>>> print(open('input.pdb').read())   # PDB, C-alpha atoms (C1' of nucleotides)
ATOM      1  CA  MET A1438       0.000   0.000   0.000
ATOM      2  CA  THR A1439       1.169   3.496  -0.692
ATOM      3  CA  SER A1440      -0.693   5.294   2.041
ATOM      4  CA  THR A1441      -1.700   4.080   5.465
ATOM      5  CA  VAL A1442      -4.251   6.819   5.896
ATOM      6  CA  PRO A1443      -7.429   7.109   3.856
ATOM      7  CA  PRO A1444      -7.963  10.588   2.400
ATOM      8  CA  GLU A1445     -10.999  11.369   4.509
ATOM      9  CA  ALA A1446      -8.971  10.732   7.636
ATOM     10  CA  ARG A1447      -6.406  13.401   6.801
ATOM     11  CA  GLY A1448      -5.735  15.454   9.850
ATOM     12  CA  ALA A1449      -7.079  12.929  12.284
ATOM     13  CA  CYS A1450      -5.174  12.651  15.516
ATOM     14  CA  PRO A1451      -3.751   9.369  16.716
ATOM     15  CA  PRO A1452      -5.358   7.623  19.701
ATOM     16  CA  PRO A1453      -5.492   9.902  22.743
ATOM     17  CA  ALA A1454      -2.968   7.788  24.646
ATOM     18  CA  GLN A1455      -5.097   7.348  27.713
ATOM     19  CA  GLY A1456      -4.001   6.142  31.100
ATOM     20  CA  VAL A1457      -3.326   7.747  34.451
ATOM     21  CA  ASP A1458       0.092   9.152  35.102
ATOM     22  CA  LEU A1459       1.393   7.851  38.396
ATOM     23  CA  ARG A1460       4.661   9.695  38.494
ATOM     24  CA  PRO A1461       5.130  12.061  41.425
ATOM     25  CA  VAL A1462       4.639  15.798  41.025
ATOM     26  CA  GLU A1463       7.513  16.735  43.279
ATOM     27  CA  GLY A1464      11.052  15.718  43.979
ATOM     28  CA  ALA A1465      14.247  16.314  42.074
ATOM     29  CA  GLU A1466      13.092  14.424  39.022
ATOM     30  CA  ALA A1467       9.774  16.244  38.885
ATOM     31  CA  ASP A1468      11.623  19.536  39.216
ATOM     32  CA  GLU A1469      13.685  18.752  36.161
ATOM     33  CA  GLU A1470      10.647  17.628  34.261
ATOM     34  CA  LEU A1471       8.629  20.720  35.130
ATOM     35  CA  ALA A1472      11.521  22.983  34.231
ATOM     36  CA  SER A1473      11.914  21.223  30.905
ATOM     37  CA  LEU A1474       8.237  21.499  30.030
ATOM     38  CA  ALA A1475       8.008  25.093  31.191
ATOM     39  CA  LYS A1476      11.055  25.994  29.160
ATOM     40  CA  ALA A1477       9.387  24.581  26.069
ATOM     41  CA  VAL A1478       6.291  26.678  26.728
ATOM     42  CA  GLY A1479       8.435  29.708  27.520
ATOM     43  CA  HIS A1480       8.238  31.324  24.119
ATOM     44  CA  PRO A1481       5.269  33.282  22.740
ATOM     45  CA  LEU A1482       5.380  31.587  19.372
ATOM     46  CA  ARG A1483       5.266  28.152  20.947
ATOM     47  CA  VAL A1484       2.324  29.137  23.107
ATOM     48  CA  GLN A1485       0.611  30.325  19.962
ATOM     49  CA  ILE A1486       1.327  27.026  18.233
ATOM     50  CA  LEU A1487      -0.163  25.123  21.143
ATOM     51  CA  ARG A1488      -3.248  27.311  20.973
ATOM     52  CA  ILE A1489      -3.657  26.797  17.257
ATOM     53  CA  LEU A1490      -3.349  23.053  17.620
ATOM     54  CA  ALA A1491      -5.815  23.070  20.498
ATOM     55  CA  ALA A1492      -8.351  25.025  18.485
ATOM     56  CA  ARG A1493      -8.450  22.362  15.785
ATOM     57  CA  THR A1494     -10.397  19.258  16.639
ATOM     58  CA  SER A1495      -8.247  17.508  14.100
ATOM     59  CA  CYS A1496      -4.659  18.494  13.605
ATOM     60  CA  VAL A1497      -3.216  20.793  11.033
ATOM     61  CA  CYS A1498      -0.076  20.362   9.017
ATOM     62  CA  GLY A1499       2.003  23.104   7.497
ATOM     63  CA  ASP A1500      -0.804  25.650   7.657
ATOM     64  CA  LEU A1501       0.969  26.776  10.785
ATOM     65  CA  VAL A1502       3.496  28.536   8.616
ATOM     66  CA  ASP A1503       0.715  30.569   7.024
ATOM     67  CA  GLU A1504      -0.695  31.600  10.380
ATOM     68  CA  LEU A1505       2.580  32.572  11.970
ATOM     69  CA  PRO A1506       4.677  35.644  11.174
ATOM     70  CA  VAL A1507       7.986  33.832  10.888
ATOM     71  CA  ALA A1508       9.859  31.783   8.321
ATOM     72  CA  GLN A1509       9.129  28.135   7.674
ATOM     73  CA  SER A1510      12.409  26.989   9.135
ATOM     74  CA  THR A1511      11.695  28.886  12.328
ATOM     75  CA  VAL A1512       8.319  27.228  12.712
ATOM     76  CA  SER A1513       9.957  23.874  12.158
ATOM     77  CA  GLN A1514      12.469  24.583  14.913
ATOM     78  CA  HIS A1515       9.769  25.490  17.399
ATOM     79  CA  LEU A1516       7.782  22.418  16.480
ATOM     80  CA  LYS A1517      10.856  20.347  17.180
ATOM     81  CA  VAL A1518      11.206  21.884  20.631
ATOM     82  CA  LEU A1519       7.587  21.163  21.461
ATOM     83  CA  LYS A1520       7.877  17.640  20.118
ATOM     84  CA  GLU A1521      11.019  16.875  22.114
ATOM     85  CA  ALA A1522       9.286  18.170  25.219
ATOM     86  CA  GLY A1523       6.459  15.725  24.594
ATOM     87  CA  LEU A1524       3.808  18.382  24.175
ATOM     88  CA  ILE A1525       2.933  17.678  20.551
ATOM     89  CA  ARG A1526       3.311  14.815  18.143
ATOM     90  CA  GLY A1527       3.907  14.731  14.418
ATOM     91  CA  GLU A1528       2.487  12.102  12.112
ATOM     92  CA  VAL A1529       3.930  11.759   8.652
ATOM     93  CA  ASP A1530       1.141  11.663   6.088
ATOM     94  CA  GLY A1531       2.547  11.497   2.629
ATOM     95  CA  PRO A1532       4.505  14.626   1.808
ATOM     96  CA  ARG A1533       3.026  16.486   4.765
ATOM     97  CA  VAL A1534       3.465  16.176   8.486
ATOM     98  CA  CYS A1535       0.430  16.326  10.662
ATOM     99  CA  TYR A1536       0.933  17.895  14.079
ATOM    100  CA  CYS A1537      -1.377  17.669  17.003
ATOM    101  CA  LEU A1538      -1.315  18.044  20.743
ATOM    102  CA  GLU A1539      -0.009  15.236  22.884
ATOM    103  CA  PRO A1540      -2.655  15.124  25.614
ATOM    104  CA  ARG A1541      -0.465  13.027  27.831
ATOM    105  CA  GLY A1542       2.322  15.599  27.911
ATOM    106  CA  LEU A1543      -0.051  18.474  28.361
ATOM    107  CA  ARG A1544      -1.796  16.737  31.222
ATOM    108  CA  ARG A1545       1.541  16.044  32.823
ATOM    109  CA  PHE A1546       2.498  19.682  32.542
ATOM    110  CA  LYS A1547      -0.753  20.797  34.134
ATOM    111  CA  ALA A1548      -0.326  18.291  36.935
ATOM    112  CA  LEU A1549       3.185  19.494  37.667
ATOM    113  CA  VAL A1550       2.158  23.144  37.635
ATOM    114  CA  GLY A1551      -0.796  22.308  39.828
ATOM    115  CA  GLY A1552       1.610  20.742  42.299
ATOM    116  CA  LEU A1553       3.376  24.012  42.898
TER     117      LEU A1553
ATOM    118  CA  MET B  86      12.074  53.344  65.344
ATOM    119  CA  THR B  87      14.830  51.108  64.170
ATOM    120  CA  SER B  88      12.786  48.171  62.991
ATOM    121  CA  THR B  89       9.286  48.052  61.578
ATOM    122  CA  VAL B  90       8.946  44.360  62.239
ATOM    123  CA  PRO B  91       8.826  42.824  65.727
ATOM    124  CA  PRO B  92      11.275  39.936  66.125
ATOM    125  CA  GLU B  93       8.602  37.285  66.474
ATOM    126  CA  ALA B  94       7.190  38.289  63.106
ATOM    127  CA  ARG B  95      10.434  37.660  61.252
ATOM    128  CA  GLY B  96       9.685  35.652  58.208
ATOM    129  CA  ALA B  97       6.022  36.481  58.133
ATOM    130  CA  CYS B  98       4.578  36.939  54.693
ATOM    131  CA  PRO B  99       2.787  40.103  53.657
ATOM    132  CA  PRO B 100      -0.979  40.000  53.115
ATOM    133  CA  PRO B 101      -2.001  37.358  50.589
ATOM    134  CA  ALA B 102      -3.118  39.968  48.038
ATOM    135  CA  GLN B 103      -6.545  38.557  47.510
ATOM    136  CA  GLY B 104      -8.916  39.331  44.690
ATOM    137  CA  VAL B 105     -10.095  37.564  41.597
ATOM    138  CA  ASP B 106      -8.076  37.967  38.446
ATOM    139  CA  LEU B 107     -10.351  38.931  35.605
ATOM    140  CA  ARG B 108      -7.787  39.034  32.841
ATOM    141  CA  PRO B 109      -8.386  36.625  29.971
ATOM    142  CA  VAL B 110      -6.469  33.366  29.716
ATOM    143  CA  GLU B 111      -6.095  33.533  25.957
ATOM    144  CA  GLY B 112      -5.291  36.018  23.271
ATOM    145  CA  ALA B 113      -2.037  37.591  22.204
ATOM    146  CA  GLU B 114      -1.474  39.276  25.534
ATOM    147  CA  ALA B 115      -2.146  36.104  27.486
ATOM    148  CA  ASP B 116       0.248  34.246  25.208
ATOM    149  CA  GLU B 117       3.014  36.652  26.051
ATOM    150  CA  GLU B 118       2.189  36.476  29.717
ATOM    151  CA  LEU B 119       2.132  32.692  29.798
ATOM    152  CA  ALA B 120       5.391  32.500  27.878
ATOM    153  CA  SER B 121       6.994  34.931  30.274
ATOM    154  CA  LEU B 122       5.866  33.042  33.362
ATOM    155  CA  ALA B 123       6.780  29.671  31.892
ATOM    156  CA  LYS B 124      10.195  30.963  30.964
ATOM    157  CA  ALA B 125      10.766  32.003  34.559
ATOM    158  CA  VAL B 126       9.805  28.540  35.762
ATOM    159  CA  GLY B 127      11.886  26.920  33.028
ATOM    160  CA  HIS B 128      14.983  26.269  35.102
ATOM    161  CA  PRO B 129      15.401  23.466  37.652
ATOM    162  CA  LEU B 130      16.941  25.714  40.252
ATOM    163  CA  ARG B 131      14.047  28.130  40.061
ATOM    164  CA  VAL B 132      11.552  25.312  40.403
ATOM    165  CA  GLN B 133      13.455  24.184  43.449
ATOM    166  CA  ILE B 134      13.343  27.682  44.890
ATOM    167  CA  LEU B 135       9.594  27.834  44.411
ATOM    168  CA  ARG B 136       9.251  24.491  46.139
ATOM    169  CA  ILE B 137      11.369  25.564  49.089
ATOM    170  CA  LEU B 138       9.361  28.743  49.495
ATOM    171  CA  ALA B 139       6.128  26.800  49.250
ATOM    172  CA  ALA B 140       7.227  24.339  51.915
ATOM    173  CA  ARG B 141       7.716  27.108  54.459
ATOM    174  CA  THR B 142       4.566  28.465  56.002
ATOM    175  CA  SER B 143       6.534  31.594  56.653
ATOM    176  CA  CYS B 144       9.160  32.742  54.235
ATOM    177  CA  VAL B 145      12.865  32.171  54.442
ATOM    178  CA  CYS B 146      15.614  34.599  53.762
ATOM    179  CA  GLY B 147      19.101  33.792  52.601
ATOM    180  CA  ASP B 148      18.914  30.244  53.867
ATOM    181  CA  LEU B 149      18.212  29.452  50.246
ATOM    182  CA  VAL B 150      21.902  29.801  49.569
ATOM    183  CA  ASP B 151      22.631  27.076  52.118
ATOM    184  CA  GLU B 152      20.122  24.719  50.575
ATOM    185  CA  LEU B 153      21.177  25.201  46.984
ATOM    186  CA  PRO B 154      24.364  23.940  45.358
ATOM    187  CA  VAL B 155      25.292  27.198  43.663
ATOM    188  CA  ALA B 156      26.984  30.434  44.581
ATOM    189  CA  GLN B 157      25.213  33.232  46.394
ATOM    190  CA  SER B 158      25.302  35.516  43.386
ATOM    191  CA  THR B 159      23.657  32.831  41.264
ATOM    192  CA  VAL B 160      20.838  32.396  43.754
ATOM    193  CA  SER B 161      20.346  36.135  43.781
ATOM    194  CA  GLN B 162      20.083  36.186  40.011
ATOM    195  CA  HIS B 163      17.446  33.475  39.974
ATOM    196  CA  LEU B 164      15.505  35.219  42.704
ATOM    197  CA  LYS B 165      15.535  38.333  40.582
ATOM    198  CA  VAL B 166      14.098  36.440  37.633
ATOM    199  CA  LEU B 167      11.311  34.996  39.746
ATOM    200  CA  LYS B 168      10.588  38.366  41.294
ATOM    201  CA  GLU B 169      10.431  40.131  37.947
ATOM    202  CA  ALA B 170       8.044  37.466  36.721
ATOM    203  CA  GLY B 171       5.797  38.187  39.680
ATOM    204  CA  LEU B 172       6.086  34.727  41.177
ATOM    205  CA  ILE B 173       7.782  35.719  44.407
ATOM    206  CA  ARG B 174       8.190  38.830  46.453
ATOM    207  CA  GLY B 175      11.004  40.069  48.624
ATOM    208  CA  GLU B 176      10.540  42.063  51.801
ATOM    209  CA  VAL B 177      13.501  43.892  53.229
ATOM    210  CA  ASP B 178      13.859  43.111  56.919
ATOM    211  CA  GLY B 179      16.873  44.815  58.330
ATOM    212  CA  PRO B 180      20.030  43.493  56.715
ATOM    213  CA  ARG B 181      18.208  40.475  55.287
ATOM    214  CA  VAL B 182      15.633  40.074  52.570
ATOM    215  CA  CYS B 183      12.701  37.836  53.185
ATOM    216  CA  TYR B 184      11.382  36.018  50.146
ATOM    217  CA  CYS B 185       8.061  34.320  49.817
ATOM    218  CA  LEU B 186       5.689  33.204  47.148
ATOM    219  CA  GLU B 187       3.435  35.681  45.432
ATOM    220  CA  PRO B 188       0.141  33.786  45.419
ATOM    221  CA  ARG B 189      -1.354  36.119  42.877
ATOM    222  CA  GLY B 190       1.323  35.383  40.293
ATOM    223  CA  LEU B 191       1.267  31.700  40.962
ATOM    224  CA  ARG B 192      -2.497  31.586  40.599
ATOM    225  CA  ARG B 193      -2.251  33.499  37.368
ATOM    226  CA  PHE B 194       0.274  31.023  36.052
ATOM    227  CA  LYS B 195      -1.912  28.075  36.963
ATOM    228  CA  ALA B 196      -4.909  29.713  35.344
ATOM    229  CA  LEU B 197      -3.015  30.329  32.123
ATOM    230  CA  VAL B 198      -1.657  26.804  32.005
ATOM    231  CA  GLY B 199      -5.112  25.468  32.747
ATOM    232  CA  GLY B 200      -6.401  27.411  29.775
ATOM    233  CA  LEU B 201      -4.254  25.459  27.367
TER     234      LEU B 201
ATOM    235  C1'  DT C1162      11.939   9.220 -14.468
ATOM    236  C1'  DT C1163      11.512  13.871 -13.820
ATOM    237  C1'  DT C1164       9.240  17.419 -11.557
ATOM    238  C1'  DT C1165       6.828  19.606  -7.830
ATOM    239  C1'  DG C1166       5.719  20.680  -3.176
ATOM    240  C1'  DC C1167       6.389  20.101   1.730
ATOM    241  C1'  DC C1168       9.220  19.791   5.509
ATOM    242  C1'  DA C1169      13.617  19.051   8.178
ATOM    243  C1'  DT C1170      18.168  20.234   8.731
ATOM    244  C1'  DC C1171      22.439  22.940   8.194
ATOM    245  C1'  DG C1172      25.073  26.986   8.875
ATOM    246  C1'  DT C1173      25.423  31.606  10.505
ATOM    247  C1'  DG C1174      25.048  35.826  13.229
ATOM    248  C1'  DG C1175      23.267  38.307  16.965
ATOM    249  C1'  DA C1176      21.055  38.127  21.450
ATOM    250  C1'  DT C1177      20.186  36.089  25.773
ATOM    251  C1'  DG C1178      21.081  32.886  29.746
ATOM    252  C1'  DG C1179      23.623  31.023  33.419
ATOM    253  C1'  DA C1180      27.597  30.373  36.136
ATOM    254  C1'  DC C1181      31.294  32.356  38.829
ATOM    255  C1'  DG C1182      34.315  35.607  41.737
ATOM    256  C1'  DA C1183      34.813  40.227  43.080
ATOM    257  C1'  DT C1184      32.898  44.292  44.588
ATOM    258  C1'  DA C1185      29.504  47.576  46.283
ATOM    259  C1'  DA C1186      25.625  48.894  49.197
ATOM    260  C1'  DA C1187      22.870  48.816  53.361
ATOM    261  C1'  DG C1188      21.669  47.802  58.063
ATOM    262  C1'  DC C1189      22.882  46.332  62.727
ATOM    263  C1'  DA C1190      26.193  45.790  66.720
ATOM    264  C1'  DC C1191      29.715  47.631  69.144
TER     265       DC C1191
ATOM    266  C1'  DG D 266      32.855  56.229  63.910
ATOM    267  C1'  DT D 267      34.683  50.774  62.820
ATOM    268  C1'  DG D 268      33.509  46.391  61.808
ATOM    269  C1'  DC D 269      30.381  42.471  60.563
ATOM    270  C1'  DT D 270      26.804  40.362  58.039
ATOM    271  C1'  DT D 271      23.745  39.943  54.266
ATOM    272  C1'  DT D 272      22.350  40.769  49.707
ATOM    273  C1'  DA D 273      22.546  43.012  45.090
ATOM    274  C1'  DT D 274      25.163  44.147  41.249
ATOM    275  C1'  DC D 275      29.154  44.138  38.094
ATOM    276  C1'  DG D 276      32.176  42.008  34.714
ATOM    277  C1'  DT D 277      33.439  37.991  32.387
ATOM    278  C1'  DC D 278      33.278  33.613  30.092
ATOM    279  C1'  DC D 279      30.971  29.979  27.799
ATOM    280  C1'  DA D 280      26.721  27.791  26.259
ATOM    281  C1'  DT D 281      22.317  27.985  24.412
ATOM    282  C1'  DC D 282      18.470  30.287  22.018
ATOM    283  C1'  DC D 283      16.286  32.420  18.045
ATOM    284  C1'  DA D 284      15.918  34.212  13.711
ATOM    285  C1'  DC D 285      17.008  33.719   8.824
ATOM    286  C1'  DG D 286      18.219  31.822   3.979
ATOM    287  C1'  DA D 287      19.915  27.915   1.706
ATOM    288  C1'  DT D 288      20.152  23.148   1.084
ATOM    289  C1'  DG D 289      18.684  18.358   1.094
ATOM    290  C1'  DG D 290      15.422  14.480   1.458
ATOM    291  C1'  DC D 291      11.206  12.376   0.466
ATOM    292  C1'  DA D 292       6.651  11.249  -1.305
ATOM    293  C1'  DA D 293       3.088  12.102  -4.695
ATOM    294  C1'  DA D 294       2.060  13.807  -9.276
ATOM    295  C1'  DA D 295       3.095  14.295 -14.045
TER     296       DA D 295
END
>>> encode(input="input.pdb", output="structure tokens")
Amino acid sequence: MTSTVPPEARGACPPPAQGVDLRPVEGAEADEELASLAKAVGHPLRVQILRILAARTSCVCGDLVDELPVAQSTVSQHLKVLKEAGLIRGEVDGPRVCYCLEPRGLRRFKALVGGL
Amino acid sequence: MTSTVPPEARGACPPPAQGVDLRPVEGAEADEELASLAKAVGHPLRVQILRILAARTSCVCGDLVDELPVAQSTVSQHLKVLKEAGLIRGEVDGPRVCYCLEPRGLRRFKALVGGL
DNA sequence: TTTTGCCATCGTGGATGGACGATAAAGCAC
DNA sequence: GTGCTTTATCGTCCATCCACGATGGCAAAA
């Protein structure tokens, strides 16, 4: 097969990755984790990207570049940061890449911030 | 008078600064604000400082330097970052400075993160 | 196979961050 | 006043961040 995704499913997010996170919200390891996540969120453009992805029920691909006032390579860099932090995920769909929120990472971030 | 604070009140936090925050949790301004707060939290040492301050019912002063594995000037720099972000406050008490959490800023941060 | 379009990566330059030691400033004790 | 203690600030060095244009890789279309 040439494509694993039927055309009408373009932009669909992968399974929500359910499950309760049992890791602690404090301690040295949690400190590092919170700092790492917060650092990833600590840029206006990345916050904006998270907002855009949250506003779509399905995920968008490179339309982000059209909505943001920076070059394509810059957007790609910020997406990489968010992906490495575990806040978004990218699914390759043919020539495009489909980004969407990673609910697990976002929930973890909220839990850690809530633990402050 | 030589001191405005009676000895038994050393380390007491200023009034909690109550009041509901009516500012929006999204929009361009909120994005900037969230990014700014997250950036301030985006360092392990600063997370640790917030945790130490949260663990004290009253606030500590320069004991932070004893509890942290970095030089005094480095601690001071991080405290400045947190203060400028509005996450902590410092009260001058004689030759010492008494730091404690700024509940208003912390609540704002949690609200913004919750809005993601 | 060649072309086209999308995206990641490279390389660069300027700005910022984070660490330190040294120094300055301010308040208290004497 | 002198000295002592505590904290902020300065100056420096190195690392990382952030923006950009240019390049390269890859999958679908022609």
>>> resolve_selection(input="input.pdb", expression="the PyMOL selection byres ((chain A and resi 1473-1475) around 10)", output="PyMOL selection string")
(chain A and resi 1467-1472+1476-1480+1518-1519+1521-1524+1542-1543+1545-1547+1549-1550) or (chain B and resi 119-129+132+198)
>>> resolve_selection(input="input.pdb", expression="the PyMOL selection byres ((chain C) within 9 of (chain B))", output="CSV table (one decimal) with C-alpha atoms (C1' of nucleotides), in the coordinates of the input")
chain,number,residue,atom,x,y,z
C,1179,DG,C1',23.6,31.0,33.4
C,1180,DA,C1',27.6,30.4,36.1
C,1181,DC,C1',31.3,32.4,38.8
C,1187,DA,C1',22.9,48.8,53.4
C,1188,DG,C1',21.7,47.8,58.1
C,1189,DC,C1',22.9,46.3,62.7
>>> atom_distance(input="input.pdb", atom1="CA of Val1497 in chain A", atom2="CA of Val1534 in chain A")
8.5 Å
>>> closest_residue(input="input.pdb", among="B:Leu153, B:Val160, B:Ile134, B:Ala140", to="chain D", atoms="only C-alpha atoms (C1' of nucleotides)")
B:Val160
>>> interface_residues(input="input.pdb", of="chain D", to="chain B", cutoff="10 Å", atoms="all atoms listed in the file", output="PDB file with C-alpha atoms (C1' of nucleotides), in the frame of the given file")
ATOM      1  C1'  DT D 270      26.804  40.362  58.039  1.00  0.00           C
ATOM      2  C1'  DT D 271      23.745  39.943  54.266  1.00  0.00           C
ATOM      3  C1'  DT D 272      22.350  40.769  49.707  1.00  0.00           C
ATOM      4  C1'  DA D 273      22.546  43.012  45.090  1.00  0.00           C
ATOM      5  C1'  DT D 274      25.163  44.147  41.249  1.00  0.00           C
TER       6       DT D 274
END
>>> resolve_selection(input="input.pdb", expression="the PyMOL selection byres ((chain D and resi 268) around 10)", output="JSON, numbers by chain")
{"C": [1190, 1191], "D": [267, 269, 270]}
>>> closest_residue(input="input.pdb", among="B:Asp106, B:Glu187, B:Asp148, B:Glu176", to="chain A", atoms="all atoms listed in the file")
B:Glu187
>>> closest_residue(input="input.pdb", among="A:Leu1516, A:Leu1482, A:Cys1535, A:Val1529", to="chain B", atoms="all atoms listed in the file")
A:Leu1482
>>> axis_aligned_box(input="input.pdb", around="range 268-287 of chain D", padding_each_side="4 Å", output="lines of an AutoDock Vina configuration file")
center_x = 24.7
center_y = 37.1
center_z = 31.8
size_x = 25.6
size_y = 26.6
size_z = 68.1
>>> residues_around(input="input.pdb", residues="DA295 in chain D", least_positions_apart="3", cutoff="10 Å", atoms="all atoms listed in the file", output="ChimeraX atom specification")
/C:1163-1165
>>> decode(input="input.pdb", residues="chain D", atoms="C-alpha atoms (C1' of nucleotides)", output="mmCIF file, in the first residue's frame")
data_model
loop_
_atom_site.group_PDB
_atom_site.id
_atom_site.type_symbol
_atom_site.label_atom_id
_atom_site.label_comp_id
_atom_site.auth_asym_id
_atom_site.auth_seq_id
_atom_site.Cartn_x
_atom_site.Cartn_y
_atom_site.Cartn_z
ATOM 1 C "C1'" DG D 266 32.855 56.229 63.910
ATOM 2 C "C1'" DT D 267 34.683 50.774 62.820
ATOM 3 C "C1'" DG D 268 33.509 46.391 61.808
ATOM 4 C "C1'" DC D 269 30.381 42.471 60.563
ATOM 5 C "C1'" DT D 270 26.804 40.362 58.039
ATOM 6 C "C1'" DT D 271 23.745 39.943 54.266
ATOM 7 C "C1'" DT D 272 22.350 40.769 49.707
ATOM 8 C "C1'" DA D 273 22.546 43.012 45.090
ATOM 9 C "C1'" DT D 274 25.163 44.147 41.249
ATOM 10 C "C1'" DC D 275 29.154 44.138 38.094
ATOM 11 C "C1'" DG D 276 32.176 42.008 34.714
ATOM 12 C "C1'" DT D 277 33.439 37.991 32.387
ATOM 13 C "C1'" DC D 278 33.278 33.613 30.092
ATOM 14 C "C1'" DC D 279 30.971 29.979 27.799
ATOM 15 C "C1'" DA D 280 26.721 27.791 26.259
ATOM 16 C "C1'" DT D 281 22.317 27.985 24.412
ATOM 17 C "C1'" DC D 282 18.470 30.287 22.018
ATOM 18 C "C1'" DC D 283 16.286 32.420 18.045
ATOM 19 C "C1'" DA D 284 15.918 34.212 13.711
ATOM 20 C "C1'" DC D 285 17.008 33.719 8.824
ATOM 21 C "C1'" DG D 286 18.219 31.822 3.979
ATOM 22 C "C1'" DA D 287 19.915 27.915 1.706
ATOM 23 C "C1'" DT D 288 20.152 23.148 1.084
ATOM 24 C "C1'" DG D 289 18.684 18.358 1.094
ATOM 25 C "C1'" DG D 290 15.422 14.480 1.458
ATOM 26 C "C1'" DC D 291 11.206 12.376 0.466
ATOM 27 C "C1'" DA D 292 6.651 11.249 -1.305
ATOM 28 C "C1'" DA D 293 3.088 12.102 -4.695
ATOM 29 C "C1'" DA D 294 2.060 13.807 -9.276
ATOM 30 C "C1'" DA D 295 3.095 14.295 -14.045
#
